[in-house]
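Dropping coords.pdb in here (PDB, C-alpha atoms):
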```
ATOM      1  CA  MET A 264       5.143 -30.902   2.718  1.00  0.00           C
ATOM      2  CA  ARG A 265       5.158 -30.988  -1.082  1.00  0.00           C
ATOM      3  CA  SER A 266       1.494 -29.970  -1.236  1.00  0.00           C
ATOM      4  CA  GLN A 267       2.144 -27.053   1.152  1.00  0.00           C
ATOM      5  CA  SER A 268       5.039 -25.870  -1.034  1.00  0.00           C
ATOM      6  CA  LEU A 269       2.875 -26.046  -4.131  1.00  0.00           C
ATOM      7  CA  PHE A 270       0.169 -24.047  -2.349  1.00  0.00           C
ATOM      8  CA  LEU A 271       2.635 -21.346  -1.336  1.00  0.00           C
ATOM      9  CA  SER A 272       4.048 -21.131  -4.860  1.00  0.00           C
ATOM     10  CA  ALA A 273       0.587 -20.825  -6.386  1.00  0.00           C
ATOM     11  CA  THR A 274      -0.331 -18.183  -3.820  1.00  0.00           C
ATOM     12  CA  VAL A 275       2.696 -16.036  -4.613  1.00  0.00           C
ATOM     13  CA  VAL A 276       2.098 -16.271  -8.370  1.00  0.00           C
ATOM     14  CA  ALA A 277      -1.585 -15.366  -8.008  1.00  0.00           C
ATOM     15  CA  ALA A 278      -0.817 -12.450  -5.726  1.00  0.00           C
ATOM     16  CA  PHE A 279       1.829 -11.036  -8.052  1.00  0.00           C
ATOM     17  CA  SER A 280      -0.487 -11.378 -11.059  1.00  0.00           C
ATOM     18  CA  LEU A 281      -3.362  -9.568  -9.368  1.00  0.00           C
ATOM     19  CA  ASN A 282      -1.026  -6.889  -8.040  1.00  0.00           C
ATOM     20  CA  ALA A 283       0.310  -6.178 -11.516  1.00  0.00           C
ATOM     21  CA  CYS A 284      -3.216  -5.868 -12.890  1.00  0.00           C
ATOM     22  CA  ILE A 285      -4.444  -3.474 -10.203  1.00  0.00           C
ATOM     23  CA  GLY A 286      -1.284  -1.371 -10.202  1.00  0.00           C
ATOM     24  CA  VAL A 287      -1.460  -0.664 -13.917  1.00  0.00           C
ATOM     25  CA  SER A 288      -5.205  -0.034 -13.949  1.00  0.00           C
ATOM     26  CA  LEU A 289      -5.026   2.425 -11.069  1.00  0.00           C
ATOM     27  CA  ASN A 290      -3.349   4.995 -13.309  1.00  0.00           C
ATOM     28  CA  THR A 291      -6.358   5.063 -15.638  1.00  0.00           C
ATOM     29  CA  GLN A 292      -8.888   6.230 -13.022  1.00  0.00           C
ATOM     30  CA  GLU A 293      -9.484   9.420 -11.032  1.00  0.00           C
ATOM     31  CA  ARG A 294      -5.929  10.754 -11.041  1.00  0.00           C
ATOM     32  CA  PRO A 295      -5.104  13.173 -13.865  1.00  0.00           C
ATOM     33  CA  PHE A 296      -2.343  11.831 -16.099  1.00  0.00           C
ATOM     34  CA  ALA A 297       0.081  14.512 -14.897  1.00  0.00           C
ATOM     35  CA  ARG A 298      -0.435  13.431 -11.281  1.00  0.00           C
ATOM     36  CA  ALA A 299       0.086   9.798 -12.190  1.00  0.00           C
ATOM     37  CA  VAL A 300       3.392  10.750 -13.825  1.00  0.00           C
ATOM     38  CA  ASP A 301       4.375  12.770 -10.747  1.00  0.00           C
ATOM     39  CA  ASP A 302       3.580   9.788  -8.521  1.00  0.00           C
ATOM     40  CA  PHE A 303       5.665   7.497 -10.707  1.00  0.00           C
ATOM     41  CA  ASN A 304       8.596   9.916 -10.549  1.00  0.00           C
ATOM     42  CA  THR A 305       8.184  10.381  -6.796  1.00  0.00           C
ATOM     43  CA  GLN A 306       8.259   6.642  -6.207  1.00  0.00           C
ATOM     44  CA  ALA A 307      11.308   6.254  -8.440  1.00  0.00           C
ATOM     45  CA  GLN A 308      13.144   9.051  -6.618  1.00  0.00           C
ATOM     46  CA  LEU A 309      12.268   7.670  -3.194  1.00  0.00           C
ATOM     47  CA  ASN A 310      13.430   4.201  -4.231  1.00  0.00           C
ATOM     48  CA  ALA A 311      16.704   5.740  -5.386  1.00  0.00           C
ATOM     49  CA  ARG A 312      17.115   7.531  -2.041  1.00  0.00           C
ATOM     50  CA  LEU A 313      16.473   4.321  -0.118  1.00  0.00           C
ATOM     51  CA  LEU A 314      18.963   2.426  -2.267  1.00  0.00           C
ATOM     52  CA  ALA A 315      21.593   5.132  -1.824  1.00  0.00           C
ATOM     53  CA  GLU A 316      21.071   4.957   1.944  1.00  0.00           C
ATOM     54  CA  SER A 317      21.188   1.171   2.186  1.00  0.00           C
ATOM     55  CA  ALA A 318      20.547  -1.779  -0.103  1.00  0.00           C
ATOM     56  CA  ALA A 319      18.867  -3.544   2.824  1.00  0.00           C
ATOM     57  CA  LEU A 320      16.538  -0.594   3.451  1.00  0.00           C
ATOM     58  CA  PHE A 321      15.612  -0.495  -0.241  1.00  0.00           C
ATOM     59  CA  ALA A 322      14.764  -4.218  -0.126  1.00  0.00           C
ATOM     60  CA  ASP A 323      12.771  -4.011   3.124  1.00  0.00           C
ATOM     61  CA  VAL A 324      10.542  -1.003   2.392  1.00  0.00           C
ATOM     62  CA  ASN A 325       7.462  -1.219   0.165  1.00  0.00           C
ATOM     63  CA  ILE A 326       6.252   2.070  -1.318  1.00  0.00           C
ATOM     64  CA  THR A 327       2.922   3.170  -2.744  1.00  0.00           C
ATOM     65  CA  VAL A 328       2.373   6.752  -3.961  1.00  0.00           C
ATOM     66  CA  ILE A 329      -1.065   8.158  -4.787  1.00  0.00           C
ATOM     67  CA  GLU A 330      -1.365  11.887  -5.480  1.00  0.00           C
ATOM     68  CA  GLY A 331       1.698  12.679  -3.394  1.00  0.00           C
ATOM     69  CA  ARG A 332       0.549  10.570  -0.447  1.00  0.00           C
ATOM     70  CA  VAL A 333       3.250   8.032   0.344  1.00  0.00           C
ATOM     71  CA  HIS A 334       2.535   4.763   2.123  1.00  0.00           C
ATOM     72  CA  LEU A 335       5.495   2.868   3.605  1.00  0.00           C
ATOM     73  CA  SER A 336       5.092  -0.752   4.651  1.00  0.00           C
ATOM     74  CA  GLY A 337       7.308  -3.738   5.307  1.00  0.00           C
ATOM     75  CA  SER A 338       9.622  -4.800   8.109  1.00  0.00           C
ATOM     76  CA  VAL A 339      12.898  -3.168   9.132  1.00  0.00           C
ATOM     77  CA  PRO A 340      15.315  -4.404  11.815  1.00  0.00           C
ATOM     78  CA  THR A 341      15.677  -1.160  13.826  1.00  0.00           C
ATOM     79  CA  SER A 342      13.725   1.942  14.836  1.00  0.00           C
ATOM     80  CA  GLU A 343      16.457   4.023  13.235  1.00  0.00           C
ATOM     81  CA  ASP A 344      15.693   2.392   9.882  1.00  0.00           C
ATOM     82  CA  ARG A 345      12.010   3.271  10.294  1.00  0.00           C
ATOM     83  CA  ILE A 346      12.863   6.909  11.053  1.00  0.00           C
ATOM     84  CA  THR A 347      15.323   7.060   8.153  1.00  0.00           C
ATOM     85  CA  ALA A 348      12.716   5.795   5.676  1.00  0.00           C
ATOM     86  CA  THR A 349      10.263   8.442   6.907  1.00  0.00           C
ATOM     87  CA  ARG A 350      12.856  11.195   6.635  1.00  0.00           C
ATOM     88  CA  LEU A 351      13.782  10.181   3.091  1.00  0.00           C
ATOM     89  CA  ALA A 352      10.104  10.093   2.091  1.00  0.00           C
ATOM     90  CA  TRP A 353       9.480  13.624   3.341  1.00  0.00           C
ATOM     91  CA  ALA A 354      12.622  14.835   1.556  1.00  0.00           C
ATOM     92  CA  THR A 355      11.381  13.559  -1.810  1.00  0.00           C
ATOM     93  CA  PRO A 356       9.809  16.164  -4.164  1.00  0.00           C
ATOM     94  CA  HIS A 357       5.997  16.258  -4.508  1.00  0.00           C
ATOM     95  CA  VAL A 358       5.392  14.322  -1.264  1.00  0.00           C
ATOM     96  CA  ARG A 359       2.441  15.799   0.663  1.00  0.00           C
ATOM     97  CA  GLU A 360       1.721  13.079   3.225  1.00  0.00           C
ATOM     98  CA  VAL A 361       3.579  10.102   4.633  1.00  0.00           C
ATOM     99  CA  ALA A 362       1.819   7.153   6.256  1.00  0.00           C
ATOM    100  CA  ASN A 363       4.489   5.021   7.893  1.00  0.00           C
ATOM    101  CA  ASP A 364       3.310   1.486   8.640  1.00  0.00           C
ATOM    102  CA  LEU A 365       6.801  -0.008   8.773  1.00  0.00           C
ATOM    103  CA  GLU A 366       7.193  -2.597  11.497  1.00  0.00           C
ATOM    104  CA  VAL A 367      10.397  -3.038  13.460  1.00  0.00           C
ATOM    105  CA  THR A 368      11.152  -6.751  13.525  1.00  0.00           C
ATOM    106  CA  SER A 369      13.811  -9.148  12.342  1.00  0.00           C
ATOM    107  CA  GLU A 370      11.475 -12.134  12.160  1.00  0.00           C
ATOM    108  CA  THR A 371      10.144 -12.648   8.645  1.00  0.00           C
ATOM    109  CA  ASP A 372       9.986 -15.895   6.708  1.00  0.00           C
ATOM    110  CA  LEU A 373       8.703 -17.121   3.363  1.00  0.00           C
ATOM    111  CA  PHE A 374       5.487 -18.456   4.854  1.00  0.00           C
ATOM    112  CA  ASP A 375       4.640 -15.034   6.362  1.00  0.00           C
ATOM    113  CA  VAL A 376       5.228 -13.320   3.015  1.00  0.00           C
ATOM    114  CA  ALA A 377       3.127 -15.890   1.149  1.00  0.00           C
ATOM    115  CA  ARG A 378       0.334 -15.620   3.724  1.00  0.00           C
ATOM    116  CA  ASP A 379       0.220 -11.805   3.423  1.00  0.00           C
ATOM    117  CA  ARG A 380       0.092 -11.989  -0.362  1.00  0.00           C
ATOM    118  CA  TRP A 381      -2.667 -14.583  -0.153  1.00  0.00           C
ATOM    119  CA  ILE A 382      -4.662 -12.225   2.086  1.00  0.00           C
ATOM    120  CA  SER A 383      -4.172  -9.366  -0.400  1.00  0.00           C
ATOM    121  CA  ALA A 384      -5.242 -11.631  -3.253  1.00  0.00           C
ATOM    122  CA  GLN A 385      -8.455 -12.554  -1.423  1.00  0.00           C
ATOM    123  CA  VAL A 386      -9.301  -8.903  -0.745  1.00  0.00           C
ATOM    124  CA  ARG A 387      -8.644  -7.987  -4.390  1.00  0.00           C
ATOM    125  CA  THR A 388     -10.798 -10.850  -5.611  1.00  0.00           C
ATOM    126  CA  ARG A 389     -13.699  -9.726  -3.409  1.00  0.00           C
ATOM    127  CA  ILE A 390     -13.354  -6.156  -4.701  1.00  0.00           C
ATOM    128  CA  LEU A 391     -13.027  -7.244  -8.337  1.00  0.00           C
ATOM    129  CA  THR A 392     -16.276  -9.222  -8.128  1.00  0.00           C
ATOM    130  CA  ASP A 393     -18.258  -6.433  -6.451  1.00  0.00           C
ATOM    131  CA  GLY A 394     -20.072  -4.479  -9.159  1.00  0.00           C
ATOM    132  CA  ALA A 395     -20.666  -1.557  -6.769  1.00  0.00           C
ATOM    133  CA  VAL A 396     -16.922  -0.941  -6.366  1.00  0.00           C
ATOM    134  CA  ARG A 397     -14.658   0.704  -8.948  1.00  0.00           C
ATOM    135  CA  ASP A 398     -11.844  -1.716  -8.186  1.00  0.00           C
ATOM    136  CA  VAL A 399      -9.142  -0.026 -10.290  1.00  0.00           C
ATOM    137  CA  ASN A 400      -9.041   2.868  -7.813  1.00  0.00           C
ATOM    138  CA  TYR A 401      -7.728   0.742  -4.949  1.00  0.00           C
ATOM    139  CA  THR A 402      -4.388  -0.709  -3.949  1.00  0.00           C
ATOM    140  CA  ILE A 403      -4.168  -3.407  -1.281  1.00  0.00           C
ATOM    141  CA  ASP A 404      -1.068  -3.995   0.827  1.00  0.00           C
ATOM    142  CA  THR A 405      -0.825  -6.579   3.608  1.00  0.00           C
ATOM    143  CA  GLN A 406       1.912  -6.749   6.230  1.00  0.00           C
ATOM    144  CA  ASN A 407       1.886  -9.291   9.079  1.00  0.00           C
ATOM    145  CA  ARG A 408      -1.836  -9.929   8.553  1.00  0.00           C
ATOM    146  CA  VAL A 409      -2.702  -6.217   8.689  1.00  0.00           C
ATOM    147  CA  VAL A 410      -4.493  -5.084   5.498  1.00  0.00           C
ATOM    148  CA  TYR A 411      -3.847  -1.530   4.295  1.00  0.00           C
ATOM    149  CA  ILE A 412      -6.388  -0.007   1.906  1.00  0.00           C
ATOM    150  CA  LEU A 413      -5.114   2.769  -0.372  1.00  0.00           C
ATOM    151  CA  GLY A 414      -6.700   4.650  -3.238  1.00  0.00           C
ATOM    152  CA  ILE A 415      -9.545   6.985  -4.147  1.00  0.00           C
ATOM    153  CA  ALA A 416     -13.140   6.106  -3.243  1.00  0.00           C
ATOM    154  CA  GLN A 417     -16.130   7.374  -5.207  1.00  0.00           C
ATOM    155  CA  ASN A 418     -18.062   7.884  -1.970  1.00  0.00           C
ATOM    156  CA  ARG A 419     -18.262   6.677   1.619  1.00  0.00           C
ATOM    157  CA  ASP A 420     -20.623   3.822   0.764  1.00  0.00           C
ATOM    158  CA  GLU A 421     -18.133   2.405  -1.735  1.00  0.00           C
ATOM    159  CA  LEU A 422     -15.271   2.748   0.743  1.00  0.00           C
ATOM    160  CA  ASP A 423     -17.311   1.001   3.431  1.00  0.00           C
ATOM    161  CA  ARG A 424     -17.897  -1.904   1.036  1.00  0.00           C
ATOM    162  CA  VAL A 425     -14.157  -2.204   0.366  1.00  0.00           C
ATOM    163  CA  LEU A 426     -13.359  -2.150   4.085  1.00  0.00           C
ATOM    164  CA  ALA A 427     -16.043  -4.769   4.720  1.00  0.00           C
ATOM    165  CA  HIS A 428     -14.512  -7.027   2.059  1.00  0.00           C
ATOM    166  CA  ALA A 429     -11.110  -6.714   3.719  1.00  0.00           C
ATOM    167  CA  ARG A 430     -12.507  -7.449   7.187  1.00  0.00           C
ATOM    168  CA  ALA A 431     -14.295 -10.532   5.813  1.00  0.00           C
ATOM    169  CA  VAL A 432     -11.008 -12.301   4.969  1.00  0.00           C
ATOM    170  CA  PRO A 433     -10.534 -14.791   7.821  1.00  0.00           C
ATOM    171  CA  GLU A 434      -6.727 -14.605   7.910  1.00  0.00           C
ATOM    172  CA  ALA A 435      -6.662 -10.804   8.271  1.00  0.00           C
ATOM    173  CA  ASN A 436      -6.176  -9.540  11.825  1.00  0.00           C
ATOM    174  CA  ARG A 437      -6.842  -5.855  11.200  1.00  0.00           C
ATOM    175  CA  VAL A 438      -7.751  -3.378   8.442  1.00  0.00           C
ATOM    176  CA  VAL A 439      -6.269   0.126   8.190  1.00  0.00           C
ATOM    177  CA  ASN A 440      -7.750   2.673   5.786  1.00  0.00           C
ATOM    178  CA  HIS A 441      -5.472   5.090   3.901  1.00  0.00           C
ATOM    179  CA  ALA A 442      -7.917   5.660   1.035  1.00  0.00           C
ATOM    180  CA  VAL A 443      -9.503   9.091   0.540  1.00  0.00           C
ATOM    181  CA  LEU A 444     -12.857  10.094  -0.867  1.00  0.00           C
ATOM    182  CA  LYS A 445     -13.015  11.474  -4.400  1.00  0.00           C
ATOM    183  CA  ASP A 446     -14.026  14.915  -3.105  1.00  0.00           C
ATOM    184  CA  ASP A 447     -11.568  14.979  -0.186  1.00  0.00           C
ATOM    185  CA  PRO A 448      -9.985  18.486   0.037  1.00  0.00           C
ATOM    186  CA  ARG A 449      -6.567  16.870   0.460  1.00  0.00           C
ATOM    187  CA  ARG A 450      -6.670  15.893  -3.211  1.00  0.00           C
ATOM    188  CA  PHE A 451      -6.660  19.523  -4.289  1.00  0.00           C
ATOM    189  CA  GLY A 452      -4.398  22.484  -3.715  1.00  0.00           C
ATOM    190  CA  ASN A 453      -0.913  22.604  -2.261  1.00  0.00           C
ATOM    191  CA  TYR A 454       0.001  21.192   1.122  1.00  0.00           C
ATOM    192  CA  ALA A 455       3.118  21.699   3.188  1.00  0.00           C
ATOM    193  CA  PRO A 456       4.549  18.600   4.879  1.00  0.00           C
ATOM    194  CA  ALA A 457       3.422  18.075   8.455  1.00  0.00           C
ATOM    195  CA  ASP A 458       5.866  17.573  11.302  1.00  0.00           C
ATOM    196  CA  GLU A 459       4.708  13.986  11.853  1.00  0.00           C
ATOM    197  CA  PRO A 460       3.616  11.214   9.460  1.00  0.00           C
ATOM    198  CA  VAL A 461      -0.123  11.025   8.891  1.00  0.00           C
ATOM    199  CA  ALA A 462      -1.570   8.033  10.704  1.00  0.00           C
ATOM    200  CA  GLY A 463      -3.973   5.598   9.107  1.00  0.00           C
ATOM    201  CA  GLU A 464      -7.560   5.115  10.129  1.00  0.00           C
ATOM    202  CA  PRO A 465      -7.979   1.707  11.830  1.00  0.00           C
ATOM    203  CA  GLU A 466     -11.166  -0.089  10.945  1.00  0.00           C
TER     204      GLU A 466
END
```
Whole structure, structure tokens version:
Amino acid sequence: MRSQSLFLSATVVAAFSLNACIGVSLNTQERPFARAVDDFNTQAQLNARLLAESAALFADVNITVIEGRVHLSGSVPTSEDRITATRLAWATPHVREVANDLEVTSETDLFDVARDRWISAQVRTRILTDGAVRDVNYTIDTQNRVVYILGIAQNRDELDRVLAHARAVPEANRVVNHAVLKDDPRRFGNYAPADEPVAGEPE
């Protein structure tokens, strides 16, 4: 039991460390500085909206914002909470897309959280050690053994390599792609919010 606890603790620390590294580096690649600032402000405003709605909702919802594309993940206890988080995301300035991967469940424990972070850490390590991938352009989020890939890919070949790395992690059940290609038209111009959240691309 003691060895399992030590493993879980080490896993959480490693995952947090890698997440901090990738999150900071992401702002130095591909996105213009002004867009990175907008994304930071958008995430801060959305967090504030979630907190104003409910402290529990703020704690349960994980947010990633890349060029106005918002990814929501985590677990919430009711379908109403999931809808509320989506509504608040769309109401936040500069949001152009919302990918809602929130799960409705009340069953979450420390082991599940540690396992998901360990999966993310393995995917990040594989990407970091692949010289054909510009790793700083990607963010990895794992929820209930489903790996979500976010970011900006240089080309389809690079994105395929990232997805292959994620699928190669034994503990991962599924991989969902929310990354876009560097020349994707969605990165340019102005876009009005759609009526429904944009779904991810299962891989």
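You will find atom CA of A:Arg294 at 28.4 Å from atom CA of A:Ala431.
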Kindly resolve the PyMOL selection byres ((chain A and resi 386) around 8) on the present coordinates and return the residues as a compact mmCIF listing (two decimals) with C-alpha atoms, in the frame of the given file.
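Output file out.txt follows:
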```txt
# COMPACT_ATOMS: atom_id res chain seq x y z
CA ILE A 382 -4.66 -12.22 2.09
CA SER A 383 -4.17 -9.37 -0.40
CA ALA A 384 -5.24 -11.63 -3.25
CA GLN A 385 -8.46 -12.55 -1.42
CA ARG A 387 -8.64 -7.99 -4.39
CA THR A 388 -10.80 -10.85 -5.61
CA ARG A 389 -13.70 -9.73 -3.41
CA ILE A 390 -13.35 -6.16 -4.70
CA ILE A 403 -4.17 -3.41 -1.28
CA HIS A 428 -14.51 -7.03 2.06
CA ALA A 429 -11.11 -6.71 3.72
CA VAL A 432 -11.01 -12.30 4.97
```
On this structure, which residues satisfy the PyMOL selection byres ((chain A and resi 442) around 7), written as a list in words?
Ile412, Leu413, Gly414, Ile415, Ala416, Asn440, His441, Val443 and Leu444 of chain A
Could you tell me how far atom CA of A:Val324 lies from atom CA of A:Lys445, in Å and to one decimal?
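So the answer is 27.5 Å.
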Apply the PyMOL selection byres ((chain A and resi 357) around 10) to the file shown and report the selected residues as a CSV table (one decimal) with C-alpha atoms, in the frame of the given file.
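New file result.csv:
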```
chain,number,residue,atom,x,y,z
A,298,ARG,CA,-0.4,13.4,-11.3
A,301,ASP,CA,4.4,12.8,-10.7
A,302,ASP,CA,3.6,9.8,-8.5
A,304,ASN,CA,8.6,9.9,-10.5
A,305,THR,CA,8.2,10.4,-6.8
A,330,GLU,CA,-1.4,11.9,-5.5
A,331,GLY,CA,1.7,12.7,-3.4
A,332,ARG,CA,0.5,10.6,-0.4
A,333,VAL,CA,3.2,8.0,0.3
A,352,ALA,CA,10.1,10.1,2.1
A,353,TRP,CA,9.5,13.6,3.3
A,354,ALA,CA,12.6,14.8,1.6
A,355,THR,CA,11.4,13.6,-1.8
A,356,PRO,CA,9.8,16.2,-4.2
A,358,VAL,CA,5.4,14.3,-1.3
A,359,ARG,CA,2.4,15.8,0.7
A,360,GLU,CA,1.7,13.1,3.2
A,453,ASN,CA,-0.9,22.6,-2.3
A,454,TYR,CA,0.0,21.2,1.1
A,455,ALA,CA,3.1,21.7,3.2
A,456,PRO,CA,4.5,18.6,4.9
```
Please identify all polymer residues within 8 Å of A:Arg408, counting only C-alpha atoms, omitting same-chain residues fewer than 3 positions from it, and present them as a ChimeraX atom specification.
/A:378-379,382,405,434-437
Deliver the residues from the most recent selection as a file, using C-alpha atoms, as a PDB file, in the frame of the given file.
```pdb
ATOM      1  CA  ARG A 378       0.334 -15.620   3.724  1.00  0.00           C
ATOM      2  CA  ASP A 379       0.220 -11.805   3.423  1.00  0.00           C
ATOM      3  CA  ILE A 382      -4.662 -12.225   2.086  1.00  0.00           C
ATOM      4  CA  THR A 405      -0.825  -6.579   3.608  1.00  0.00           C
ATOM      5  CA  GLU A 434      -6.727 -14.605   7.910  1.00  0.00           C
ATOM      6  CA  ALA A 435      -6.662 -10.804   8.271  1.00  0.00           C
ATOM      7  CA  ASN A 436      -6.176  -9.540  11.825  1.00  0.00           C
ATOM      8  CA  ARG A 437      -6.842  -5.855  11.200  1.00  0.00           C
TER       9      ARG A 437
END
```
For stretch 337-342 of chain A, list every protein, DNA or RNA residue within 10 Å, evaluated using all atoms listed in the file, and leave out those in the same chain fewer than 5 positions away; present the list as a tab-separated table (two decimals) with C-alpha atoms, in the coordinates of the input.
```tsv
chain	number	residue	atom	x	y	z
A	319	ALA	CA	18.87	-3.54	2.82
A	320	LEU	CA	16.54	-0.59	3.45
A	322	ALA	CA	14.76	-4.22	-0.13
A	323	ASP	CA	12.77	-4.01	3.12
A	324	VAL	CA	10.54	-1.00	2.39
A	325	ASN	CA	7.46	-1.22	0.16
A	326	ILE	CA	6.25	2.07	-1.32
A	347	THR	CA	15.32	7.06	8.15
A	348	ALA	CA	12.72	5.80	5.68
A	363	ASN	CA	4.49	5.02	7.89
A	364	ASP	CA	3.31	1.49	8.64
A	365	LEU	CA	6.80	-0.01	8.77
A	366	GLU	CA	7.19	-2.60	11.50
A	367	VAL	CA	10.40	-3.04	13.46
A	368	THR	CA	11.15	-6.75	13.52
A	369	SER	CA	13.81	-9.15	12.34
A	370	GLU	CA	11.48	-12.13	12.16
A	371	THR	CA	10.14	-12.65	8.64
A	404	ASP	CA	-1.07	-4.00	0.83
A	405	THR	CA	-0.82	-6.58	3.61
A	406	GLN	CA	1.91	-6.75	6.23
A	407	ASN	CA	1.89	-9.29	9.08
```
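Distance-wise, atom CA of A:Ala362 and atom CA of A:Leu314 end up 19.7 Å apart.
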Just need the box for stretch 368-386 of chain A, edges along x, y and z, holding every atom the file lists for it with 6 Å tacked onto each side, so centre and edge lengths in Å to one decimal, as AutoDock Vina command-line options.
```
--center_x 2.3 --center_y -12.6 --center_z 5.1 --size_x 35.1 --size_y 23.7 --size_z 28.8
```
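Proximity ranking of A:Val376, A:Leu426, A:Val361, A:Ile329 relative to A:Arg450 places A:Ile329 first, based on all atoms listed in the file.
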Have a look at A:Leu335, A:Leu351, A:Phe296, A:Asp398 and name the one nearest to A:Ala311; count only C-alpha atoms.
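With only C-alpha atoms as the atom set, the closest residue is A:Leu351.
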